[in-house]
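Asker: The following file, target.cif, comprises mmCIF, N, CA and C atoms:
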```cif
data_query
loop_
_atom_site.label_atom_id
_atom_site.label_comp_id
_atom_site.auth_asym_id
_atom_site.auth_seq_id
_atom_site.Cartn_x
_atom_site.Cartn_y
_atom_site.Cartn_z
N MET K 38 0.84 -1.17 0.00
CA MET K 38 0.00 0.00 0.00
C MET K 38 0.89 1.24 0.00
N TRP K 39 0.65 2.11 -0.96
CA TRP K 39 1.44 3.32 -1.08
C TRP K 39 0.89 4.39 -0.16
N LYS K 40 1.78 5.20 0.36
CA LYS K 40 1.35 6.25 1.27
C LYS K 40 1.47 7.61 0.59
N HIS K 41 0.78 7.77 -0.52
CA HIS K 41 0.73 9.04 -1.23
C HIS K 41 -0.73 9.43 -1.36
N ASP K 42 -1.02 10.69 -1.10
CA ASP K 42 -2.38 11.17 -1.19
C ASP K 42 -2.66 11.60 -2.63
N ASN K 43 -3.05 10.63 -3.45
CA ASN K 43 -3.32 10.86 -4.86
C ASN K 43 -4.54 10.04 -5.25
N PHE K 44 -5.42 10.62 -6.04
CA PHE K 44 -6.65 9.94 -6.47
C PHE K 44 -6.34 8.65 -7.22
N PHE K 45 -5.39 8.72 -8.12
CA PHE K 45 -5.08 7.56 -8.97
C PHE K 45 -4.39 6.44 -8.19
N VAL K 46 -3.62 6.77 -7.18
CA VAL K 46 -3.00 5.75 -6.34
C VAL K 46 -4.07 4.98 -5.58
N GLY K 47 -5.06 5.70 -5.05
CA GLY K 47 -6.16 5.04 -4.34
C GLY K 47 -6.99 4.17 -5.27
N ALA K 48 -7.30 4.67 -6.46
CA ALA K 48 -8.10 3.90 -7.41
C ALA K 48 -7.34 2.68 -7.91
N PHE K 49 -6.05 2.84 -8.22
CA PHE K 49 -5.26 1.74 -8.72
C PHE K 49 -5.06 0.66 -7.66
N SER K 50 -4.79 1.08 -6.42
CA SER K 50 -4.59 0.09 -5.37
C SER K 50 -5.88 -0.67 -5.05
N ALA K 51 -7.03 0.01 -5.10
CA ALA K 51 -8.31 -0.68 -4.88
C ALA K 51 -8.61 -1.64 -6.02
N LEU K 52 -8.29 -1.25 -7.25
CA LEU K 52 -8.52 -2.13 -8.40
C LEU K 52 -7.64 -3.37 -8.33
N ILE K 53 -6.36 -3.19 -8.05
CA ILE K 53 -5.44 -4.33 -7.96
C ILE K 53 -5.84 -5.26 -6.83
N LEU K 54 -6.21 -4.71 -5.69
CA LEU K 54 -6.62 -5.52 -4.56
C LEU K 54 -7.89 -6.32 -4.87
N SER K 55 -8.83 -5.69 -5.56
CA SER K 55 -10.07 -6.39 -5.93
C SER K 55 -9.82 -7.48 -6.97
N LEU K 56 -8.94 -7.21 -7.92
CA LEU K 56 -8.63 -8.22 -8.94
C LEU K 56 -7.93 -9.43 -8.35
N ILE K 57 -6.98 -9.20 -7.46
CA ILE K 57 -6.28 -10.32 -6.82
C ILE K 57 -7.24 -11.16 -5.99
N THR K 58 -8.10 -10.49 -5.24
CA THR K 58 -9.07 -11.21 -4.42
C THR K 58 -10.08 -11.97 -5.27
N SER K 59 -10.52 -11.39 -6.38
CA SER K 59 -11.48 -12.09 -7.23
C SER K 59 -10.83 -13.29 -7.92
N ILE K 60 -9.56 -13.19 -8.30
CA ILE K 60 -8.88 -14.35 -8.88
C ILE K 60 -8.77 -15.48 -7.87
N LEU K 61 -8.43 -15.11 -6.63
CA LEU K 61 -8.37 -16.13 -5.58
C LEU K 61 -9.74 -16.76 -5.31
N LEU K 62 -10.79 -15.95 -5.34
CA LEU K 62 -12.14 -16.48 -5.12
C LEU K 62 -12.59 -17.38 -6.27
N ILE K 63 -12.27 -17.01 -7.49
CA ILE K 63 -12.65 -17.84 -8.63
C ILE K 63 -11.91 -19.16 -8.60
N ALA K 64 -10.65 -19.13 -8.19
CA ALA K 64 -9.87 -20.36 -8.14
C ALA K 64 -10.28 -21.25 -6.97
N ALA K 65 -10.52 -20.67 -5.82
CA ALA K 65 -10.80 -21.47 -4.62
C ALA K 65 -12.29 -21.56 -4.29
N GLY K 66 -13.12 -20.79 -4.97
CA GLY K 66 -14.55 -20.75 -4.65
C GLY K 66 -15.26 -22.08 -4.76
N PRO K 67 -15.14 -22.80 -5.87
CA PRO K 67 -15.85 -24.08 -5.97
C PRO K 67 -15.40 -25.10 -4.92
N TRP K 68 -14.12 -25.12 -4.63
CA TRP K 68 -13.62 -26.08 -3.64
C TRP K 68 -14.14 -25.73 -2.24
N LEU K 69 -14.07 -24.46 -1.86
CA LEU K 69 -14.55 -24.05 -0.54
C LEU K 69 -16.07 -24.18 -0.43
N TYR K 70 -16.76 -23.88 -1.51
CA TYR K 70 -18.22 -23.92 -1.49
C TYR K 70 -18.72 -25.36 -1.35
N ARG K 71 -17.98 -26.32 -1.94
CA ARG K 71 -18.39 -27.72 -1.84
C ARG K 71 -18.23 -28.28 -0.43
N LEU K 72 -17.45 -27.63 0.41
CA LEU K 72 -17.35 -28.06 1.79
C LEU K 72 -18.66 -27.87 2.54
N PHE K 73 -19.45 -26.88 2.14
CA PHE K 73 -20.67 -26.54 2.84
C PHE K 73 -21.93 -26.88 2.06
N SER K 74 -21.84 -27.09 0.76
CA SER K 74 -23.02 -27.29 -0.07
C SER K 74 -22.70 -28.25 -1.22
N ASP K 75 -23.73 -28.86 -1.77
CA ASP K 75 -23.55 -29.77 -2.90
C ASP K 75 -23.61 -29.05 -4.24
N PHE K 76 -23.95 -27.81 -4.24
CA PHE K 76 -24.13 -27.05 -5.47
C PHE K 76 -22.90 -26.22 -5.78
N MET K 77 -22.82 -25.79 -7.02
CA MET K 77 -21.74 -24.89 -7.43
C MET K 77 -22.04 -23.48 -6.92
N PRO K 78 -21.03 -22.68 -6.62
CA PRO K 78 -21.28 -21.32 -6.13
C PRO K 78 -21.90 -20.44 -7.19
N GLN K 79 -22.62 -19.46 -6.75
CA GLN K 79 -23.22 -18.50 -7.67
C GLN K 79 -22.32 -17.28 -7.78
N ASN K 80 -22.68 -16.40 -8.69
CA ASN K 80 -21.88 -15.19 -8.90
C ASN K 80 -21.90 -14.26 -7.69
N LYS K 81 -22.86 -14.45 -6.79
CA LYS K 81 -22.96 -13.58 -5.62
C LYS K 81 -21.75 -13.71 -4.72
N LEU K 82 -21.09 -14.84 -4.77
CA LEU K 82 -19.90 -15.05 -3.95
C LEU K 82 -18.77 -14.10 -4.36
N LEU K 83 -18.82 -13.61 -5.58
CA LEU K 83 -17.79 -12.72 -6.09
C LEU K 83 -17.85 -11.34 -5.44
N LEU K 84 -18.95 -11.01 -4.80
CA LEU K 84 -19.05 -9.73 -4.09
C LEU K 84 -18.08 -9.66 -2.91
N LEU K 85 -17.64 -10.81 -2.43
CA LEU K 85 -16.66 -10.83 -1.34
C LEU K 85 -15.31 -10.26 -1.78
N ALA K 86 -15.07 -10.21 -3.07
CA ALA K 86 -13.81 -9.67 -3.58
C ALA K 86 -13.71 -8.16 -3.36
N LEU K 87 -14.83 -7.52 -3.08
CA LEU K 87 -14.82 -6.08 -2.86
C LEU K 87 -14.53 -5.71 -1.41
N LEU K 88 -14.55 -6.67 -0.54
CA LEU K 88 -14.33 -6.40 0.88
C LEU K 88 -12.94 -5.83 1.18
N PRO K 89 -11.84 -6.36 0.63
CA PRO K 89 -10.54 -5.74 0.90
C PRO K 89 -10.44 -4.30 0.40
N SER K 90 -11.09 -3.97 -0.70
CA SER K 90 -11.07 -2.59 -1.19
C SER K 90 -11.85 -1.68 -0.25
N LEU K 91 -12.91 -2.20 0.33
CA LEU K 91 -13.66 -1.42 1.31
C LEU K 91 -12.82 -1.14 2.55
N LEU K 92 -12.07 -2.14 2.99
CA LEU K 92 -11.19 -1.94 4.14
C LEU K 92 -10.04 -0.98 3.81
N LEU K 93 -9.54 -1.05 2.58
CA LEU K 93 -8.50 -0.11 2.15
C LEU K 93 -9.02 1.31 2.14
N MET K 94 -10.25 1.50 1.64
CA MET K 94 -10.85 2.82 1.60
C MET K 94 -11.00 3.38 3.02
N ARG K 95 -11.44 2.53 3.94
CA ARG K 95 -11.60 2.96 5.32
C ARG K 95 -10.24 3.34 5.92
N GLN K 96 -9.22 2.57 5.60
CA GLN K 96 -7.88 2.86 6.11
C GLN K 96 -7.38 4.20 5.58
N TYR K 97 -7.63 4.47 4.31
CA TYR K 97 -7.21 5.75 3.76
C TYR K 97 -7.92 6.92 4.44
N PHE K 98 -9.22 6.78 4.67
CA PHE K 98 -9.97 7.87 5.27
C PHE K 98 -9.69 8.05 6.75
N ARG K 99 -9.65 6.96 7.51
CA ARG K 99 -9.58 7.05 8.96
C ARG K 99 -8.15 7.14 9.50
N LYS K 100 -7.30 6.22 9.09
CA LYS K 100 -5.97 6.16 9.69
C LYS K 100 -5.00 7.17 9.08
N TYR K 101 -4.93 7.19 7.75
CA TYR K 101 -3.94 8.04 7.09
C TYR K 101 -4.45 9.46 6.83
N ARG K 102 -5.76 9.65 6.87
CA ARG K 102 -6.38 10.94 6.56
C ARG K 102 -6.03 11.41 5.14
N PHE K 103 -6.00 10.46 4.21
CA PHE K 103 -5.74 10.76 2.81
C PHE K 103 -7.09 10.87 2.09
N GLU K 104 -7.56 12.08 1.92
CA GLU K 104 -8.87 12.29 1.31
C GLU K 104 -8.87 11.92 -0.18
N LYS K 105 -7.85 12.31 -0.91
CA LYS K 105 -7.82 12.03 -2.34
C LYS K 105 -7.69 10.54 -2.63
N SER K 106 -6.84 9.85 -1.92
CA SER K 106 -6.69 8.40 -2.12
C SER K 106 -7.95 7.67 -1.70
N GLY K 107 -8.58 8.11 -0.63
CA GLY K 107 -9.84 7.51 -0.20
C GLY K 107 -10.94 7.71 -1.22
N LYS K 108 -10.98 8.88 -1.84
CA LYS K 108 -11.97 9.13 -2.89
C LYS K 108 -11.71 8.26 -4.11
N GLY K 109 -10.44 8.04 -4.43
CA GLY K 109 -10.11 7.16 -5.55
C GLY K 109 -10.52 5.72 -5.28
N ALA K 110 -10.28 5.25 -4.06
CA ALA K 110 -10.69 3.90 -3.70
C ALA K 110 -12.20 3.78 -3.67
N LEU K 111 -12.89 4.82 -3.18
CA LEU K 111 -14.35 4.82 -3.16
C LEU K 111 -14.92 4.81 -4.57
N PHE K 112 -14.32 5.59 -5.47
CA PHE K 112 -14.77 5.61 -6.86
C PHE K 112 -14.60 4.23 -7.52
N MET K 113 -13.46 3.60 -7.31
CA MET K 113 -13.22 2.29 -7.92
C MET K 113 -14.16 1.25 -7.33
N LEU K 114 -14.41 1.32 -6.04
CA LEU K 114 -15.34 0.40 -5.39
C LEU K 114 -16.74 0.57 -5.96
N PHE K 115 -17.19 1.80 -6.11
CA PHE K 115 -18.50 2.07 -6.69
C PHE K 115 -18.58 1.58 -8.13
N LEU K 116 -17.52 1.81 -8.90
CA LEU K 116 -17.50 1.37 -10.30
C LEU K 116 -17.55 -0.16 -10.40
N LEU K 117 -16.83 -0.85 -9.55
CA LEU K 117 -16.85 -2.32 -9.57
C LEU K 117 -18.20 -2.89 -9.16
N ILE K 118 -18.87 -2.24 -8.21
CA ILE K 118 -20.20 -2.69 -7.81
C ILE K 118 -21.19 -2.49 -8.95
N VAL K 119 -21.12 -1.35 -9.62
CA VAL K 119 -22.02 -1.10 -10.76
C VAL K 119 -21.75 -2.10 -11.88
N LEU K 120 -20.48 -2.38 -12.18
CA LEU K 120 -20.15 -3.36 -13.21
C LEU K 120 -20.63 -4.76 -12.84
N TYR K 121 -20.54 -5.11 -11.56
CA TYR K 121 -21.04 -6.41 -11.14
C TYR K 121 -22.54 -6.54 -11.42
N PHE K 122 -23.30 -5.52 -11.03
CA PHE K 122 -24.75 -5.61 -11.21
C PHE K 122 -25.16 -5.49 -12.67
N MET K 123 -24.36 -4.83 -13.49
CA MET K 123 -24.70 -4.74 -14.91
C MET K 123 -24.33 -6.01 -15.66
N LEU K 124 -23.22 -6.65 -15.30
CA LEU K 124 -22.70 -7.76 -16.09
C LEU K 124 -22.96 -9.14 -15.51
N LEU K 125 -23.02 -9.30 -14.19
CA LEU K 125 -23.05 -10.64 -13.62
C LEU K 125 -24.29 -10.99 -12.82
N HIS K 126 -24.97 -10.02 -12.25
CA HIS K 126 -26.08 -10.32 -11.36
C HIS K 126 -27.25 -10.94 -12.13
N ASN K 127 -27.71 -12.09 -11.65
CA ASN K 127 -28.84 -12.85 -12.22
C ASN K 127 -28.63 -13.23 -13.68
N LYS K 128 -27.41 -13.49 -14.06
CA LYS K 128 -27.11 -13.96 -15.41
C LYS K 128 -26.93 -15.48 -15.37
N PRO K 129 -27.25 -16.17 -16.45
CA PRO K 129 -27.10 -17.63 -16.45
C PRO K 129 -25.65 -18.11 -16.51
N VAL K 130 -24.72 -17.23 -16.86
CA VAL K 130 -23.31 -17.60 -16.97
C VAL K 130 -22.66 -17.50 -15.60
N SER K 131 -21.90 -18.51 -15.24
CA SER K 131 -21.20 -18.49 -13.96
C SER K 131 -19.72 -18.24 -14.19
N VAL K 132 -19.13 -17.44 -13.32
CA VAL K 132 -17.69 -17.15 -13.45
C VAL K 132 -16.86 -18.25 -12.80
N PHE K 133 -17.49 -19.16 -12.09
CA PHE K 133 -16.76 -20.23 -11.43
C PHE K 133 -16.65 -21.42 -12.38
N PHE K 134 -15.79 -21.28 -13.37
CA PHE K 134 -15.65 -22.28 -14.41
C PHE K 134 -14.57 -23.31 -14.09
N ILE K 135 -13.78 -23.07 -13.06
CA ILE K 135 -12.70 -23.99 -12.72
C ILE K 135 -13.27 -25.09 -11.83
N SER K 136 -13.14 -26.32 -12.26
CA SER K 136 -13.61 -27.43 -11.44
C SER K 136 -12.39 -28.23 -10.96
N LEU K 137 -12.25 -28.32 -9.67
CA LEU K 137 -11.10 -29.00 -9.09
C LEU K 137 -11.41 -30.45 -8.81
#
```
Please lay out the structure from this file as structure tokens.

Answerer:
Amino acid sequence: MWKHDNFFVGAFSALILSLITSILLIAAGPWLYRLFSDFMPQNKLLLLALLPSLLLMRQYFRKYRFEKSGKGALFMLFLLIVLYFMLLHNKPVSVFFISL
């Protein structure tokens, strides 16, 4: 995590953090989900990938008092939520295509 108060640093760090978390969820999601259920996971599980970005945004606003970086992380978080609901919510295609 960079300690510079810049809009683009906050947006880029939130995007990278969300992408890494979503890749981990897509890879490990079916295996973890089968521990608790007999069905394949739905796309709703991918919303958990936004949780680290939310925590990063809170850290920027509360601990570091970086308003510009926090706004960048908030913007990226909002954009990713809108893209999720436009592209994946209630669609027949599942992103959990990896079967272990």

Asker: With the file shown as input, list the residues that the PyMOL selection byres (((chain K and resi 97-105 and name CA) around 6) and name CA) selects, as a list in words.

Answerer: Asp42, Asn43, Phe44, Met94, Arg95, Gln96, Ser106, Gly107 and Lys108 of chain K

Asker: Name the residues that the PyMOL selection byres (((chain K and resi 110 and name CA) around 8) and name CA) picks from the file above, as a compact mmCIF listing (two decimals) with N, CA and C atoms, in the coordinates of the input, using the file's chain letters and numbers.

Answerer:
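Resulting contents of out_19.txt:
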```
# COMPACT_ATOMS: atom_id res chain seq x y z
N PHE K 44 -5.42 10.62 -6.04
CA PHE K 44 -6.65 9.94 -6.47
C PHE K 44 -6.34 8.65 -7.22
N GLY K 47 -5.06 5.70 -5.05
CA GLY K 47 -6.16 5.04 -4.34
C GLY K 47 -6.99 4.17 -5.27
N ALA K 48 -7.30 4.67 -6.46
CA ALA K 48 -8.10 3.90 -7.41
C ALA K 48 -7.34 2.68 -7.91
N PHE K 49 -6.05 2.84 -8.22
CA PHE K 49 -5.26 1.74 -8.72
C PHE K 49 -5.06 0.66 -7.66
N SER K 50 -4.79 1.08 -6.42
CA SER K 50 -4.59 0.09 -5.37
C SER K 50 -5.88 -0.67 -5.05
N ALA K 51 -7.03 0.01 -5.10
CA ALA K 51 -8.31 -0.68 -4.88
C ALA K 51 -8.61 -1.64 -6.02
N LEU K 52 -8.29 -1.25 -7.25
CA LEU K 52 -8.52 -2.13 -8.40
C LEU K 52 -7.64 -3.37 -8.33
N SER K 90 -11.09 -3.97 -0.70
CA SER K 90 -11.07 -2.59 -1.19
C SER K 90 -11.85 -1.68 -0.25
N LEU K 91 -12.91 -2.20 0.33
CA LEU K 91 -13.66 -1.42 1.31
C LEU K 91 -12.82 -1.14 2.55
N LEU K 93 -9.54 -1.05 2.58
CA LEU K 93 -8.50 -0.11 2.15
C LEU K 93 -9.02 1.31 2.14
N MET K 94 -10.25 1.50 1.64
CA MET K 94 -10.85 2.82 1.60
C MET K 94 -11.00 3.38 3.02
N SER K 106 -6.84 9.85 -1.92
CA SER K 106 -6.69 8.40 -2.12
C SER K 106 -7.95 7.67 -1.70
N GLY K 107 -8.58 8.11 -0.63
CA GLY K 107 -9.84 7.51 -0.20
C GLY K 107 -10.94 7.71 -1.22
N LYS K 108 -10.98 8.88 -1.84
CA LYS K 108 -11.97 9.13 -2.89
C LYS K 108 -11.71 8.26 -4.11
N GLY K 109 -10.44 8.04 -4.43
CA GLY K 109 -10.11 7.16 -5.55
C GLY K 109 -10.52 5.72 -5.28
N LEU K 111 -12.89 4.82 -3.18
CA LEU K 111 -14.35 4.82 -3.16
C LEU K 111 -14.92 4.81 -4.57
N PHE K 112 -14.32 5.59 -5.47
CA PHE K 112 -14.77 5.61 -6.86
C PHE K 112 -14.60 4.23 -7.52
N MET K 113 -13.46 3.60 -7.31
CA MET K 113 -13.22 2.29 -7.92
C MET K 113 -14.16 1.25 -7.33
N LEU K 114 -14.41 1.32 -6.04
CA LEU K 114 -15.34 0.40 -5.39
C LEU K 114 -16.74 0.57 -5.96
```

Asker: I'd like to see the residues matched by the PyMOL selection byres ((chain K and resi 117-133) around 6.5) on this file, and ideally I'd get them as a VMD selection string.

Answerer: chain K and resid 63 67 79 to 80 112 to 116 134 to 136

Asker: In Å to one decimal, how far is CA of Leu54 (chain K) from CA of Phe76 (chain K)?

Answerer: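 Computing the Euclidean distance for CA of Phe76 (chain K) and CA of Leu54 (chain K) yields 27.8 Å.
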
Asker: Measure the distance from CA of Ile53 (chain K) to CA of Leu69 (chain K) in Å and round it to one decimal.

Answerer: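 Straight-line distance from CA of Ile53 (chain K) to CA of Leu69 (chain K) works out to 23.0 Å.
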
Asker: Let's see if you can do this: from backbone DSSP, list all helix (DSSP H, G or I) residues in chain K, as a ChimeraX atom specification.

Answerer: /K:44-73,80-100,104-124

Asker: Considering only N, CA and C atoms, return as a JSON list (two decimals) with N, CA and C atoms, in the frame of the given file whatever protein or nucleic-acid residues lie within 6 Å of Ala86 (chain K), sequence-local ones (same chain, fewer than 2 positions apart) excluded.

Answerer:
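So part-v1.json came out as:
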```json
[["chain", "number", "residue", "atom", "x", "y", "z"],
["K", 55, "SER", "N", -8.83, -5.69, -5.56],
["K", 55, "SER", "CA", -10.07, -6.39, -5.93],
["K", 55, "SER", "C", -9.82, -7.48, -6.97],
["K", 58, "THR", "N", -8.10, -10.49, -5.24],
["K", 58, "THR", "CA", -9.07, -11.21, -4.42],
["K", 58, "THR", "C", -10.08, -11.97, -5.27],
["K", 59, "SER", "N", -10.52, -11.39, -6.38],
["K", 59, "SER", "CA", -11.48, -12.09, -7.23],
["K", 59, "SER", "C", -10.83, -13.29, -7.92],
["K", 82, "LEU", "N", -21.09, -14.84, -4.77],
["K", 82, "LEU", "CA", -19.90, -15.05, -3.95],
["K", 82, "LEU", "C", -18.77, -14.10, -4.36],
["K", 83, "LEU", "N", -18.82, -13.61, -5.58],
["K", 83, "LEU", "CA", -17.79, -12.72, -6.09],
["K", 83, "LEU", "C", -17.85, -11.34, -5.44],
["K", 84, "LEU", "N", -18.95, -11.01, -4.80],
["K", 84, "LEU", "CA", -19.05, -9.73, -4.09],
["K", 84, "LEU", "C", -18.08, -9.66, -2.91],
["K", 88, "LEU", "N", -14.55, -6.67, -0.54],
["K", 88, "LEU", "CA", -14.33, -6.40, 0.88],
["K", 88, "LEU", "C", -12.94, -5.83, 1.18],
["K", 89, "PRO", "N", -11.84, -6.36, 0.63],
["K", 89, "PRO", "CA", -10.54, -5.74, 0.90],
["K", 89, "PRO", "C", -10.44, -4.30, 0.40],
["K", 90, "SER", "N", -11.09, -3.97, -0.70],
["K", 90, "SER", "CA", -11.07, -2.59, -1.19],
["K", 90, "SER", "C", -11.85, -1.68, -0.25]]
```

Asker: What is the CA of Arg71 (chain K) to atom N of Leu92 (chain K) distance in Å?

Answerer: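 Separating CA of Arg71 (chain K) from atom N of Leu92 (chain K) is a distance of 26.8 Å.
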